[in-house]
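Data block for model_29.cif (mmCIF, C-alpha atoms and all ligand atoms):
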```
data_target
loop_
_atom_site.label_atom_id
_atom_site.label_comp_id
_atom_site.auth_asym_id
_atom_site.auth_seq_id
_atom_site.Cartn_x
_atom_site.Cartn_y
_atom_site.Cartn_z
CA LEU A 5 -74.91 12.51 -57.74
CA LEU A 6 -78.63 12.33 -58.45
CA HIS A 7 -78.29 8.98 -60.21
CA PRO A 8 -76.71 5.72 -59.06
CA GLU A 9 -73.86 4.32 -61.16
CA ARG A 10 -75.25 0.81 -61.04
CA VAL A 11 -78.42 -0.93 -59.86
CA VAL A 12 -78.35 -4.73 -60.03
CA GLU A 13 -81.48 -6.75 -59.31
CA VAL A 14 -81.11 -10.47 -58.71
CA ALA A 15 -83.50 -13.37 -58.27
CA VAL A 16 -82.70 -15.33 -55.10
CA PRO A 17 -84.19 -18.85 -55.22
CA VAL A 18 -84.23 -20.53 -51.82
CA ARG A 19 -85.28 -24.07 -50.94
CA LEU A 20 -87.40 -23.84 -47.79
CA ASP A 21 -87.15 -26.55 -45.12
CA ARG A 22 -90.45 -28.07 -46.26
CA GLY A 23 -88.97 -28.57 -49.77
CA GLU A 24 -90.69 -25.81 -51.70
CA VAL A 25 -88.52 -23.29 -53.62
CA VAL A 26 -89.37 -19.59 -53.18
CA VAL A 27 -87.76 -16.88 -55.30
CA PHE A 28 -86.95 -13.68 -53.40
CA THR A 29 -85.76 -10.41 -54.98
CA GLY A 30 -82.44 -8.84 -54.03
CA TRP A 31 -80.48 -5.75 -55.05
CA ARG A 32 -76.99 -4.33 -54.87
CA VAL A 33 -76.52 -0.67 -55.73
CA HIS A 34 -73.35 1.30 -56.42
CA HIS A 35 -74.26 4.93 -56.00
CA ASN A 36 -70.98 6.76 -56.58
CA LEU A 37 -67.53 5.15 -56.53
CA ALA A 38 -65.40 8.20 -57.32
CA ARG A 39 -63.82 8.14 -53.82
CA GLY A 40 -63.32 4.37 -53.55
CA PRO A 41 -65.03 0.96 -53.39
CA ALA A 42 -68.76 0.83 -52.63
CA LYS A 43 -69.39 0.69 -48.88
CA GLY A 44 -72.79 -0.08 -47.48
CA GLY A 45 -74.82 -2.61 -45.60
CA ILE A 46 -76.98 -5.55 -46.61
CA ARG A 47 -80.57 -5.23 -45.37
CA PHE A 48 -83.12 -8.05 -45.12
CA HIS A 49 -86.63 -6.60 -44.84
CA PRO A 50 -90.12 -7.62 -46.02
CA ALA A 51 -90.90 -4.15 -47.39
CA LEU A 52 -87.55 -3.44 -49.06
CA THR A 53 -87.76 -1.72 -52.47
CA ALA A 54 -85.23 -0.81 -55.17
CA GLY A 55 -85.92 2.90 -54.54
CA GLU A 56 -85.12 2.54 -50.85
CA VAL A 57 -81.84 0.74 -51.57
CA VAL A 58 -80.83 3.48 -54.04
CA ALA A 59 -81.64 6.23 -51.50
CA LEU A 60 -79.66 4.44 -48.78
CA ALA A 61 -76.72 4.00 -51.17
CA ALA A 62 -76.77 7.75 -51.91
CA ASP A 63 -76.63 8.45 -48.16
CA MET A 64 -73.54 6.22 -47.97
CA THR A 65 -71.80 8.29 -50.65
CA LEU A 66 -72.32 11.36 -48.47
CA LYS A 67 -71.57 9.63 -45.14
CA THR A 68 -68.24 8.18 -46.26
CA ALA A 69 -67.27 11.58 -47.66
CA VAL A 70 -68.20 13.50 -44.48
CA VAL A 71 -65.84 11.37 -42.38
CA ASP A 72 -63.36 11.39 -45.29
CA ILE A 73 -62.79 7.64 -45.58
CA PRO A 74 -61.77 6.28 -49.00
CA PHE A 75 -65.04 4.65 -50.02
CA GLY A 76 -68.02 5.38 -52.21
CA GLY A 77 -71.70 4.70 -51.54
CA GLY A 78 -73.29 1.28 -51.85
CA LYS A 79 -76.21 -0.62 -50.38
CA GLY A 80 -77.94 -3.93 -50.89
CA GLY A 81 -80.49 -6.29 -49.56
CA VAL A 82 -83.19 -8.84 -50.09
CA ARG A 83 -86.94 -8.37 -49.77
CA CYS A 84 -87.74 -11.11 -47.25
CA ASP A 85 -88.98 -11.53 -43.69
CA PRO A 86 -86.00 -12.99 -41.81
CA ALA A 87 -88.17 -13.65 -38.74
CA ALA A 88 -90.19 -16.14 -40.83
CA LEU A 89 -87.08 -18.06 -41.98
CA SER A 90 -85.22 -20.82 -40.15
CA LEU A 91 -81.49 -20.43 -39.62
CA GLY A 92 -80.81 -22.89 -42.45
CA GLU A 93 -83.13 -21.00 -44.81
CA LEU A 94 -81.45 -17.73 -43.88
CA GLU A 95 -78.03 -19.19 -44.63
CA ARG A 96 -79.18 -20.54 -48.02
CA LEU A 97 -80.76 -17.19 -48.85
CA THR A 98 -77.56 -15.31 -47.93
CA ARG A 99 -75.38 -17.64 -50.00
CA ARG A 100 -77.68 -17.51 -53.06
CA TYR A 101 -77.87 -13.72 -52.83
CA THR A 102 -74.05 -13.55 -52.57
CA VAL A 103 -73.69 -15.74 -55.68
CA GLY A 104 -76.08 -13.36 -57.49
CA ILE A 105 -74.05 -10.23 -56.69
CA ALA A 106 -70.58 -11.88 -56.58
CA SER A 107 -69.38 -10.23 -59.80
CA LEU A 108 -69.77 -6.83 -58.11
CA LEU A 109 -67.96 -7.71 -54.88
CA GLY A 110 -64.28 -7.39 -54.06
CA PRO A 111 -62.06 -5.46 -51.65
CA ASP A 112 -61.26 -2.94 -54.40
CA ARG A 113 -64.82 -2.69 -55.77
CA ASP A 114 -67.52 -3.29 -53.19
CA VAL A 115 -67.28 -4.15 -49.50
CA PRO A 116 -70.64 -5.04 -47.82
CA ALA A 117 -71.38 -4.80 -44.08
CA PRO A 118 -74.35 -5.56 -41.75
CA ASP A 119 -77.49 -3.43 -41.74
CA VAL A 120 -81.08 -3.93 -40.55
CA ASN A 121 -81.71 -7.65 -39.77
CA THR A 122 -78.22 -8.76 -40.79
CA ASP A 123 -75.34 -9.36 -38.42
CA GLU A 124 -71.84 -10.78 -38.15
CA ARG A 125 -73.12 -14.32 -38.78
CA VAL A 126 -74.66 -13.26 -42.10
CA MET A 127 -71.37 -11.53 -42.96
CA ALA A 128 -69.44 -14.72 -42.21
CA TRP A 129 -71.68 -16.67 -44.68
CA LEU A 130 -71.14 -13.94 -47.26
CA GLN A 131 -67.35 -14.02 -46.78
CA ASP A 132 -67.33 -17.81 -46.96
CA THR A 133 -69.36 -17.85 -50.19
CA VAL A 134 -67.02 -15.36 -51.86
CA ASP A 135 -63.98 -17.37 -50.73
CA LEU A 136 -65.53 -20.57 -52.17
CA LEU A 137 -66.32 -18.86 -55.48
CA GLN A 138 -62.79 -17.41 -55.71
CA GLY A 139 -61.11 -20.65 -54.60
CA GLY A 140 -59.26 -19.01 -51.71
CA ALA A 141 -59.44 -16.37 -48.97
CA VAL A 142 -60.26 -12.84 -50.14
CA PRO A 143 -59.22 -10.53 -47.27
CA GLY A 144 -61.34 -7.42 -46.78
CA VAL A 145 -64.26 -8.45 -49.01
CA VAL A 146 -66.75 -7.87 -46.20
CA THR A 147 -66.69 -6.02 -42.84
CA GLY A 148 -68.59 -6.50 -39.59
CA LYS A 149 -67.41 -10.14 -39.51
CA PRO A 150 -66.92 -12.25 -36.39
CA LEU A 151 -63.45 -11.94 -34.82
CA ALA A 152 -62.86 -15.60 -35.69
CA VAL A 153 -62.84 -14.82 -39.43
CA GLY A 154 -60.92 -11.54 -39.40
CA GLY A 155 -63.37 -9.18 -37.71
CA MET A 156 -62.38 -6.27 -35.51
CA ARG A 157 -62.62 -5.53 -31.81
CA LEU A 158 -64.90 -2.58 -30.86
CA HIS A 159 -66.84 -2.81 -34.16
CA SER A 160 -70.23 -3.35 -32.58
CA GLY A 161 -70.23 -0.23 -30.38
CA ALA A 162 -68.59 2.04 -32.95
CA THR A 163 -71.77 3.77 -34.13
CA ALA A 164 -72.76 4.57 -30.53
CA SER A 165 -69.22 5.79 -29.72
CA GLY A 166 -69.33 8.11 -32.73
CA VAL A 167 -72.73 9.48 -31.71
CA VAL A 168 -71.47 10.20 -28.19
CA ARG A 169 -68.40 11.90 -29.65
CA CYS A 170 -70.80 14.19 -31.57
CA VAL A 171 -72.90 14.87 -28.45
CA ARG A 172 -69.72 15.92 -26.61
CA ALA A 173 -68.40 18.02 -29.49
CA ALA A 174 -71.74 19.75 -30.04
CA LEU A 175 -72.18 20.55 -26.34
CA SER A 176 -68.66 21.93 -26.21
CA ALA A 177 -69.23 24.04 -29.36
CA LEU A 178 -72.45 25.37 -27.78
CA GLY A 179 -70.55 26.22 -24.58
CA ARG A 180 -72.39 23.67 -22.48
CA PRO A 181 -70.93 21.04 -20.12
CA VAL A 182 -71.46 17.30 -20.70
CA ALA A 183 -71.92 16.41 -17.04
CA GLY A 184 -75.47 16.76 -15.79
CA GLN A 185 -77.07 17.13 -19.24
CA ARG A 186 -80.50 15.50 -19.35
CA VAL A 187 -80.76 13.17 -22.34
CA VAL A 188 -83.71 11.37 -23.94
CA VAL A 189 -82.94 8.29 -26.05
CA GLN A 190 -85.39 6.66 -28.47
CA GLY A 191 -84.47 3.04 -29.26
CA PHE A 192 -82.62 0.57 -27.04
CA GLY A 193 -81.10 -1.67 -29.71
CA LYS A 194 -77.64 -2.12 -31.23
CA VAL A 195 -77.10 1.64 -31.20
CA GLY A 196 -79.38 2.98 -28.45
CA ARG A 197 -78.31 0.62 -25.69
CA PRO A 198 -74.52 1.20 -25.78
CA LEU A 199 -75.26 4.87 -26.41
CA ALA A 200 -77.27 5.14 -23.18
CA PHE A 201 -74.40 3.48 -21.26
CA LEU A 202 -71.75 5.75 -22.79
CA LEU A 203 -73.82 8.87 -22.11
CA ALA A 204 -74.41 7.84 -18.49
CA SER A 205 -70.71 7.10 -17.98
CA ALA A 206 -69.87 10.53 -19.46
CA GLY A 207 -71.91 12.04 -16.61
CA CYS A 208 -75.17 12.73 -18.47
CA ARG A 209 -78.54 12.00 -16.87
CA VAL A 210 -80.45 9.65 -19.18
CA VAL A 211 -83.96 10.74 -18.15
CA ALA A 212 -86.15 8.84 -20.63
CA VAL A 213 -85.76 5.83 -22.92
CA ALA A 214 -88.30 4.37 -25.37
CA ASP A 215 -88.39 1.24 -27.47
CA VAL A 216 -91.02 -0.24 -29.75
CA ALA A 217 -93.01 -1.61 -26.79
CA GLY A 218 -93.07 1.44 -24.49
CA ALA A 219 -91.10 4.05 -22.59
CA THR A 220 -89.77 4.80 -19.12
CA TRP A 221 -88.93 8.09 -17.46
CA ASN A 222 -87.07 9.25 -14.36
CA PRO A 223 -86.19 12.95 -14.04
CA ALA A 224 -83.43 12.06 -11.55
CA GLY A 225 -81.80 9.84 -14.18
CA LEU A 226 -82.38 6.19 -15.07
CA ASP A 227 -80.01 3.49 -13.84
CA VAL A 228 -79.00 2.32 -17.33
CA GLY A 229 -77.44 -0.97 -16.15
CA ALA A 230 -80.59 -1.94 -14.25
CA LEU A 231 -82.70 -0.86 -17.24
CA ALA A 232 -80.66 -3.12 -19.55
CA SER A 233 -81.17 -6.09 -17.18
CA HIS A 234 -84.89 -5.36 -17.10
CA ALA A 235 -84.99 -5.17 -20.93
CA ASP A 236 -83.09 -8.48 -21.15
CA ARG A 237 -85.62 -10.17 -18.84
CA THR A 238 -88.80 -8.70 -20.29
CA GLY A 239 -87.86 -7.81 -23.88
CA SER A 240 -88.58 -4.11 -23.42
CA VAL A 241 -87.72 -1.02 -21.35
CA ALA A 242 -91.47 -0.69 -20.58
CA GLY A 243 -92.47 -1.48 -17.00
CA PHE A 244 -89.03 -0.69 -15.53
CA ALA A 245 -89.35 -0.32 -11.74
CA GLY A 246 -86.70 2.43 -11.65
CA GLY A 247 -88.80 4.77 -13.79
CA ALA A 248 -92.37 5.89 -14.33
CA ALA A 249 -94.36 4.65 -17.33
CA LEU A 250 -94.34 7.18 -20.14
CA ASP A 251 -96.53 7.41 -23.24
CA PRO A 252 -93.97 7.04 -26.11
CA ALA A 253 -95.84 9.81 -27.93
CA GLU A 254 -94.74 12.12 -25.08
CA LEU A 255 -91.06 11.18 -25.29
CA TRP A 256 -89.82 14.35 -26.97
CA ALA A 257 -91.91 16.54 -24.66
CA VAL A 258 -89.94 15.33 -21.60
CA GLU A 259 -87.89 18.08 -19.95
CA ALA A 260 -84.39 17.47 -21.36
CA ASP A 261 -81.31 19.12 -22.88
CA VAL A 262 -80.38 16.58 -25.56
CA ALA A 263 -82.58 14.32 -27.72
CA VAL A 264 -81.06 11.26 -29.39
CA PRO A 265 -83.38 9.41 -31.80
CA ALA A 266 -81.78 5.97 -32.27
CA ALA A 267 -84.70 3.92 -33.61
CA LEU A 268 -86.57 4.81 -36.77
CA GLU A 269 -86.73 7.21 -39.66
CA GLY A 270 -89.38 9.93 -39.37
CA ALA A 271 -89.42 9.69 -35.56
CA ILE A 272 -89.65 13.47 -35.04
CA ASP A 273 -92.36 15.05 -37.16
CA ARG A 274 -93.54 18.65 -37.42
CA SER A 275 -95.83 18.60 -34.38
CA GLN A 276 -93.28 16.78 -32.20
CA ALA A 277 -90.66 19.32 -33.27
CA GLU A 278 -92.95 22.07 -31.95
CA THR A 279 -93.08 20.52 -28.47
CA LEU A 280 -89.57 19.02 -28.28
CA ARG A 281 -87.88 20.39 -25.14
CA ALA A 282 -84.23 19.61 -25.90
CA ARG A 283 -82.04 22.30 -27.47
CA LEU A 284 -79.80 19.76 -29.20
CA VAL A 285 -80.83 16.79 -31.38
CA VAL A 286 -78.18 14.25 -32.42
CA GLU A 287 -79.41 11.88 -35.13
CA ALA A 288 -78.18 8.39 -34.26
CA ALA A 289 -80.84 6.83 -36.52
CA ASN A 290 -80.97 7.43 -40.26
CA GLY A 291 -83.47 10.14 -41.20
CA PRO A 292 -85.25 10.48 -37.82
CA VAL A 293 -86.13 14.17 -38.31
CA THR A 294 -88.57 14.83 -41.15
CA PRO A 295 -87.85 17.80 -43.48
CA ALA A 296 -90.87 19.65 -42.07
CA ALA A 297 -89.61 19.05 -38.51
CA ASP A 298 -86.16 20.27 -39.55
CA GLU A 299 -87.68 23.64 -40.51
CA VAL A 300 -89.52 23.89 -37.18
CA LEU A 301 -86.37 23.03 -35.20
CA ALA A 302 -84.35 25.61 -37.16
CA ARG A 303 -86.95 28.29 -36.45
CA ARG A 304 -86.91 27.37 -32.75
CA GLY A 305 -83.09 27.56 -32.63
CA VAL A 306 -82.60 23.86 -31.88
CA THR A 307 -79.25 22.52 -33.11
CA VAL A 308 -79.49 19.28 -35.15
CA VAL A 309 -76.39 17.13 -35.76
CA PRO A 310 -77.33 15.24 -38.98
CA ASP A 311 -77.25 11.49 -39.44
CA ILE A 312 -74.58 11.46 -42.16
CA LEU A 313 -72.21 12.90 -39.55
CA ALA A 314 -73.57 11.64 -36.21
CA ASN A 315 -73.90 7.93 -37.02
CA ALA A 316 -70.82 7.61 -39.26
CA GLY A 317 -68.81 5.84 -36.51
CA GLY A 318 -70.01 2.44 -37.77
CA VAL A 319 -68.83 2.92 -41.33
CA THR A 320 -65.57 4.38 -40.04
CA ALA A 321 -65.00 1.21 -38.02
CA SER A 322 -65.79 -0.80 -41.17
CA TYR A 323 -63.04 1.10 -42.96
CA PHE A 324 -60.63 0.24 -40.13
CA GLU A 325 -61.56 -3.47 -40.40
CA TRP A 326 -61.03 -3.40 -44.18
CA ALA A 327 -57.65 -1.66 -43.72
CA GLN A 328 -56.56 -4.24 -41.13
CA ASN A 329 -57.57 -7.13 -43.40
CA ARG A 330 -55.64 -5.56 -46.27
CA GLN A 331 -52.60 -4.97 -44.02
CA GLY A 332 -52.83 -8.44 -42.49
CA TYR A 333 -52.39 -6.90 -39.06
CA ARG A 334 -54.97 -6.49 -36.25
CA TRP A 335 -54.89 -3.10 -34.56
CA GLU A 336 -54.89 -2.86 -30.77
CA GLU A 337 -58.18 -1.74 -29.18
CA ALA A 338 -56.62 1.52 -27.99
CA LEU A 339 -55.55 2.36 -31.55
CA VAL A 340 -59.05 1.68 -32.92
CA ALA A 341 -60.65 3.84 -30.21
CA GLU A 342 -58.18 6.67 -30.70
CA ARG A 343 -58.56 6.72 -34.50
CA LEU A 344 -62.35 6.50 -34.33
CA GLY A 345 -62.52 9.39 -31.87
CA ARG A 346 -60.15 11.52 -33.94
CA THR A 347 -62.03 10.84 -37.20
CA MET A 348 -65.38 11.80 -35.66
CA ASP A 349 -63.98 14.93 -33.96
CA GLU A 350 -62.32 16.14 -37.16
CA ALA A 351 -65.50 15.56 -39.17
CA PHE A 352 -67.58 17.41 -36.58
CA GLN A 353 -65.22 20.41 -36.52
CA THR A 354 -65.10 20.60 -40.33
CA VAL A 355 -68.90 20.61 -40.55
CA TRP A 356 -69.35 23.04 -37.63
CA VAL A 357 -66.87 25.57 -39.09
CA ARG A 358 -68.41 25.29 -42.56
CA ALA A 359 -71.91 25.85 -41.11
CA GLU A 360 -70.70 29.02 -39.36
CA ASP A 361 -68.87 30.26 -42.46
CA LEU A 362 -71.86 29.73 -44.74
CA GLY A 363 -74.53 30.63 -42.17
CA VAL A 364 -76.37 27.36 -42.79
CA SER A 365 -77.55 24.39 -40.72
CA LEU A 366 -75.19 21.55 -39.80
CA ARG A 367 -77.23 19.33 -42.16
CA ASP A 368 -76.64 21.64 -45.12
CA ALA A 369 -72.99 22.11 -44.17
CA ALA A 370 -72.44 18.34 -43.95
CA GLY A 371 -74.01 17.99 -47.41
CA VAL A 372 -71.74 20.73 -48.80
CA VAL A 373 -68.60 19.14 -47.32
CA ALA A 374 -69.59 15.73 -48.71
CA VAL A 375 -70.51 16.91 -52.20
CA GLU A 376 -67.32 18.98 -52.46
CA ARG A 377 -65.23 15.93 -51.61
CA VAL A 378 -67.01 13.73 -54.16
CA ALA A 379 -66.70 16.51 -56.77
CA ALA A 380 -62.96 16.79 -56.04
CA ALA A 381 -62.60 13.04 -56.66
CA LEU A 382 -64.56 13.27 -59.93
CA GLU A 383 -62.45 16.23 -61.02
CA ALA A 384 -59.21 14.44 -60.16
CA ARG A 385 -60.38 11.52 -62.30
CA GLY A 386 -61.05 13.91 -65.17
CA VAL A 387 -64.80 13.35 -65.13
CA PHE A 388 -65.61 17.10 -65.07
P1 LIG B 401 -82.05 -2.25 -33.70
O1 LIG B 401 -83.07 -3.00 -34.48
O2 LIG B 401 -80.96 -2.98 -33.00
O3 LIG B 401 -82.77 -1.36 -32.59
C1 LIG B 401 -83.86 -0.53 -32.89
C2 LIG B 401 -84.50 -0.07 -31.59
O4 LIG B 401 -85.53 0.85 -31.91
C3 LIG B 401 -85.15 -1.19 -30.79
O5 LIG B 401 -84.91 -0.96 -29.40
C4 LIG B 401 -86.64 -1.01 -31.09
O6 LIG B 401 -87.48 -1.49 -30.03
C5 LIG B 401 -86.70 0.50 -31.19
N1 LIG B 401 -87.90 0.97 -31.88
C6 LIG B 401 -88.44 0.48 -33.03
N2 LIG B 401 -89.58 1.14 -33.28
C7 LIG B 401 -89.73 2.05 -32.30
C8 LIG B 401 -90.71 3.03 -32.02
N3 LIG B 401 -91.79 3.19 -32.80
N4 LIG B 401 -90.56 3.81 -30.92
C9 LIG B 401 -89.49 3.66 -30.12
N5 LIG B 401 -88.53 2.75 -30.34
C10 LIG B 401 -88.67 1.96 -31.42
O7 LIG B 401 -81.47 -1.16 -34.74
P2 LIG B 401 -80.10 -0.37 -34.63
O8 LIG B 401 -79.03 -1.11 -35.34
O9 LIG B 401 -79.90 0.05 -33.21
O10 LIG B 401 -80.41 0.90 -35.55
C11 LIG B 401 -81.17 2.00 -35.06
C12 LIG B 401 -81.07 3.13 -36.08
O11 LIG B 401 -79.70 3.52 -36.24
C13 LIG B 401 -81.58 2.79 -37.49
O12 LIG B 401 -82.13 3.98 -38.04
C14 LIG B 401 -80.32 2.45 -38.25
O13 LIG B 401 -80.47 2.65 -39.64
C15 LIG B 401 -79.36 3.46 -37.64
N6 LIG B 401 -77.95 3.09 -37.76
C16 LIG B 401 -77.47 1.94 -37.19
C17 LIG B 401 -76.13 1.63 -37.30
C18 LIG B 401 -75.56 0.42 -36.62
O14 LIG B 401 -74.33 0.34 -36.48
N7 LIG B 401 -76.37 -0.52 -36.15
C19 LIG B 401 -75.25 2.48 -38.01
C20 LIG B 401 -75.76 3.65 -38.60
C21 LIG B 401 -77.11 3.94 -38.44
#
```
Could you spell out this file's structure in structure tokens?
Ligand code: NAD
Amino acid sequence: LLHPERVVEVAVPVRLDRGEVVVFTGWRVHHNLARGPAKGGIRFHPALTAGEVVALAADMTLKTAVVDIPFGGGKGGVRCDPAALSLGELERLTRRYTVGIASLLGPDRDVPAPDVNTDERVMAWLQDTVDLLQGGAVPGVVTGKPLAVGGMRLHSGATASGVVRCVRAALSALGRPVAGQRVVVQGFGKVGRPLAFLLASAGCRVVAVADVAGATWNPAGLDVGALASHADRTGSVAGFAGGAALDPAELWAVEADVAVPAALEGAIDRSQAETLRARLVVEAANGPVTPAADEVLARRGVTVVPDILANAGGVTASYFEWAQNRQGYRWEEALVAERLGRTMDEAFQTVWVRAEDLGVSLRDAAGVVAVERVAAALEARGVF
């Protein structure tokens, strides 16, 4: 599990609108496919590196195993600045990249999905390019698509729903109620925004929210709907009239019961871990707690629900979309919600029980559960 099965680097030549051709670099990585086809997003980012894609693919091997869905770990992307590209350039880049990695793709081999700076529109271009190359529709070759081309209802909020499921399960396991819990959320994007709504509707008090431009705080609880309208108008949660301005550096020091980092990796470092007030951290983002901070939180008795468990609702929904495409049948919303909730609850209980049995952190227990499942698949295949 220390080494990826396959790392493919491709040149992605793109004709810019002004006529010049620029060659970008892209990758697709298969980390471990013992449990099923590679599952993992496509990221467009100016600082993307091969090493980062490999590390993210390894995380996907563990994440798919923790929630026990029949996929292996994959990841891909292109080093580019999507904000500097026109829509036409972005489409040409996506199609050229897809042509470059097409031999890897297929519903039984490798099923991409959106990630940072890619969305359902990018997935629709990817699907269309594969269909053109194959000379016909290939159901289930990509997930996170628009509904119009075989996407799934409830896909977009699935990561947030899974995080909230983990908040509920962790509070219950710790013997604490959900109602009235004071929650701090970092990030108000695709994950953080629906998360704040779901937490508020579960009866929590969302007392502080930060985004890249600033933070707002109200110990009585923020009106999340009004905050979202303010963010839509101004582009940030900063300056919200229903809360006091807060230095984002002070976010984790706010008096609270639960902290939910839903923005960046490395968001809670050693010194922030020392002053963090919450007794429960649920990692909605990937890698938000640094290893040094993890040690501090463990010493202080703060429970951390790790990313490979907490934010696995999105990949679980991707599995449901793939299954529906393969079945040729669209599940009802209630069925999707029920199955997502059950998958997350079962994964949480498995990890919680294993952590108690072994006397280790939830992060270590999630890693043990995941590695055991991948090892069982390798053994069943006769690899060991
Ligand atoms: P996004 O780009 O939609 O939103 C990111 C949010 O974080 C924005 O509100 C941004 O302003 C904020 N932010 C950025 N820098 C910040 C800073 N320094 N301080 C405070 N806030 C800051 O991204 P997203 O899709 O919501 O993803 C958030 C995290 O969740 C990432 O780590 C991502 O890898 C992880 N994740 C996302 C999904 C998904 O379904 N989108 C699934 C699994 C994991």
message = Residues contacting ligand LIG 401 (chain B) - anything with an atom at most 8 Å away, using all atoms listed in the file - can you give me those as a PyMOL selection string?
response = chain A and resi 118-121+160-164+190-197+214-219+240+252+265-269+271+288-292+311+315-319
How would the residues just picked look written out with C-alpha atoms as a PDB file, keeping the file's coordinate frame?
```pdb
ATOM      1  CA  PRO A 118     -74.350  -5.560 -41.750  1.00  0.00           C
ATOM      2  CA  ASP A 119     -77.490  -3.430 -41.740  1.00  0.00           C
ATOM      3  CA  VAL A 120     -81.080  -3.930 -40.550  1.00  0.00           C
ATOM      4  CA  ASN A 121     -81.710  -7.650 -39.770  1.00  0.00           C
ATOM      5  CA  SER A 160     -70.230  -3.350 -32.580  1.00  0.00           C
ATOM      6  CA  GLY A 161     -70.230  -0.230 -30.380  1.00  0.00           C
ATOM      7  CA  ALA A 162     -68.590   2.040 -32.950  1.00  0.00           C
ATOM      8  CA  THR A 163     -71.770   3.770 -34.130  1.00  0.00           C
ATOM      9  CA  ALA A 164     -72.760   4.570 -30.530  1.00  0.00           C
ATOM     10  CA  GLN A 190     -85.390   6.660 -28.470  1.00  0.00           C
ATOM     11  CA  GLY A 191     -84.470   3.040 -29.260  1.00  0.00           C
ATOM     12  CA  PHE A 192     -82.620   0.570 -27.040  1.00  0.00           C
ATOM     13  CA  GLY A 193     -81.100  -1.670 -29.710  1.00  0.00           C
ATOM     14  CA  LYS A 194     -77.640  -2.120 -31.230  1.00  0.00           C
ATOM     15  CA  VAL A 195     -77.100   1.640 -31.200  1.00  0.00           C
ATOM     16  CA  GLY A 196     -79.380   2.980 -28.450  1.00  0.00           C
ATOM     17  CA  ARG A 197     -78.310   0.620 -25.690  1.00  0.00           C
ATOM     18  CA  ALA A 214     -88.300   4.370 -25.370  1.00  0.00           C
ATOM     19  CA  ASP A 215     -88.390   1.240 -27.470  1.00  0.00           C
ATOM     20  CA  VAL A 216     -91.020  -0.240 -29.750  1.00  0.00           C
ATOM     21  CA  ALA A 217     -93.010  -1.610 -26.790  1.00  0.00           C
ATOM     22  CA  GLY A 218     -93.070   1.440 -24.490  1.00  0.00           C
ATOM     23  CA  ALA A 219     -91.100   4.050 -22.590  1.00  0.00           C
ATOM     24  CA  SER A 240     -88.580  -4.110 -23.420  1.00  0.00           C
ATOM     25  CA  PRO A 252     -93.970   7.040 -26.110  1.00  0.00           C
ATOM     26  CA  PRO A 265     -83.380   9.410 -31.800  1.00  0.00           C
ATOM     27  CA  ALA A 266     -81.780   5.970 -32.270  1.00  0.00           C
ATOM     28  CA  ALA A 267     -84.700   3.920 -33.610  1.00  0.00           C
ATOM     29  CA  LEU A 268     -86.570   4.810 -36.770  1.00  0.00           C
ATOM     30  CA  GLU A 269     -86.730   7.210 -39.660  1.00  0.00           C
ATOM     31  CA  ALA A 271     -89.420   9.690 -35.560  1.00  0.00           C
ATOM     32  CA  ALA A 288     -78.180   8.390 -34.260  1.00  0.00           C
ATOM     33  CA  ALA A 289     -80.840   6.830 -36.520  1.00  0.00           C
ATOM     34  CA  ASN A 290     -80.970   7.430 -40.260  1.00  0.00           C
ATOM     35  CA  GLY A 291     -83.470  10.140 -41.200  1.00  0.00           C
ATOM     36  CA  PRO A 292     -85.250  10.480 -37.820  1.00  0.00           C
ATOM     37  CA  ASP A 311     -77.250  11.490 -39.440  1.00  0.00           C
ATOM     38  CA  ASN A 315     -73.900   7.930 -37.020  1.00  0.00           C
ATOM     39  CA  ALA A 316     -70.820   7.610 -39.260  1.00  0.00           C
ATOM     40  CA  GLY A 317     -68.810   5.840 -36.510  1.00  0.00           C
ATOM     41  CA  GLY A 318     -70.010   2.440 -37.770  1.00  0.00           C
ATOM     42  CA  VAL A 319     -68.830   2.920 -41.330  1.00  0.00           C
TER      43      VAL A 319
END
```
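You can rank A:Ala88, A:Ala351, A:Val16, A:Val145 by their closest distance to Val103 of chain A using all atoms listed in the file, and at the top of that list sits A:Val16.
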- Message: With only C-alpha atoms as the counted atoms, please give the residues lying no more than 10 Å from Cys84 of chain A, apart from itself and same-chain residues fewer than 3 positions off, as a PyMOL selection string.
- Response: chain A and resi 27-30+47-52+81+87-89+94+97
Item to complete: Pick out the closest residue to Ala62 of chain A from this set: A:Ile312, A:Val262, A:Ala379, A:Ala173. Count all atoms listed in the file.
Response: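 Between A:Ile312, A:Val262, A:Ala379, A:Ala173, the residue approaching Ala62 of chain A most closely is A:Ile312.
Considering the residues A:Arg377, A:Lys79, A:His159, A:Arg22 and counting all atoms listed in the file, His34 of chain A has its shortest atom-to-atom contact with A:Lys79.
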Which of A:Ala117, A:Val71, A:Ala230, A:Ala341 sits closest to Gly44 of chain A [using all atoms listed in the file]: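 Comparing A:Ala117, A:Val71, A:Ala230, A:Ala341 against Gly44 of chain A, the winner is A:Ala117.
With all atoms listed in the file as the basis for measurement, A:Ala69 is the residue among A:Ala200, A:Ala69, A:Leu60, A:Ala314 that approaches Ala380 of chain A most closely.
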inquiry  = With only C-alpha atoms as the counted atoms, please give the residues lying no more than 8 Å from Ala369 of chain A, apart from itself and same-chain residues fewer than 6 positions off, as a ChimeraX atom specification.
reply    = /A:355-356,358-359,362
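Closest approach to Thr122 of chain A among A:Val189, A:Leu202, A:Ala248, A:Ile46 is made by A:Ile46 (distances from all atoms listed in the file).
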inquiry  = Could you tell me how far atom CA of Glu95 of chain A sits from atom CA of Ala42 of chain A, in Å to one decimal place?
reply    =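 Atom-to-atom, atom CA of Ala42 of chain A to atom CA of Glu95 of chain A, that is 23.5 Å.
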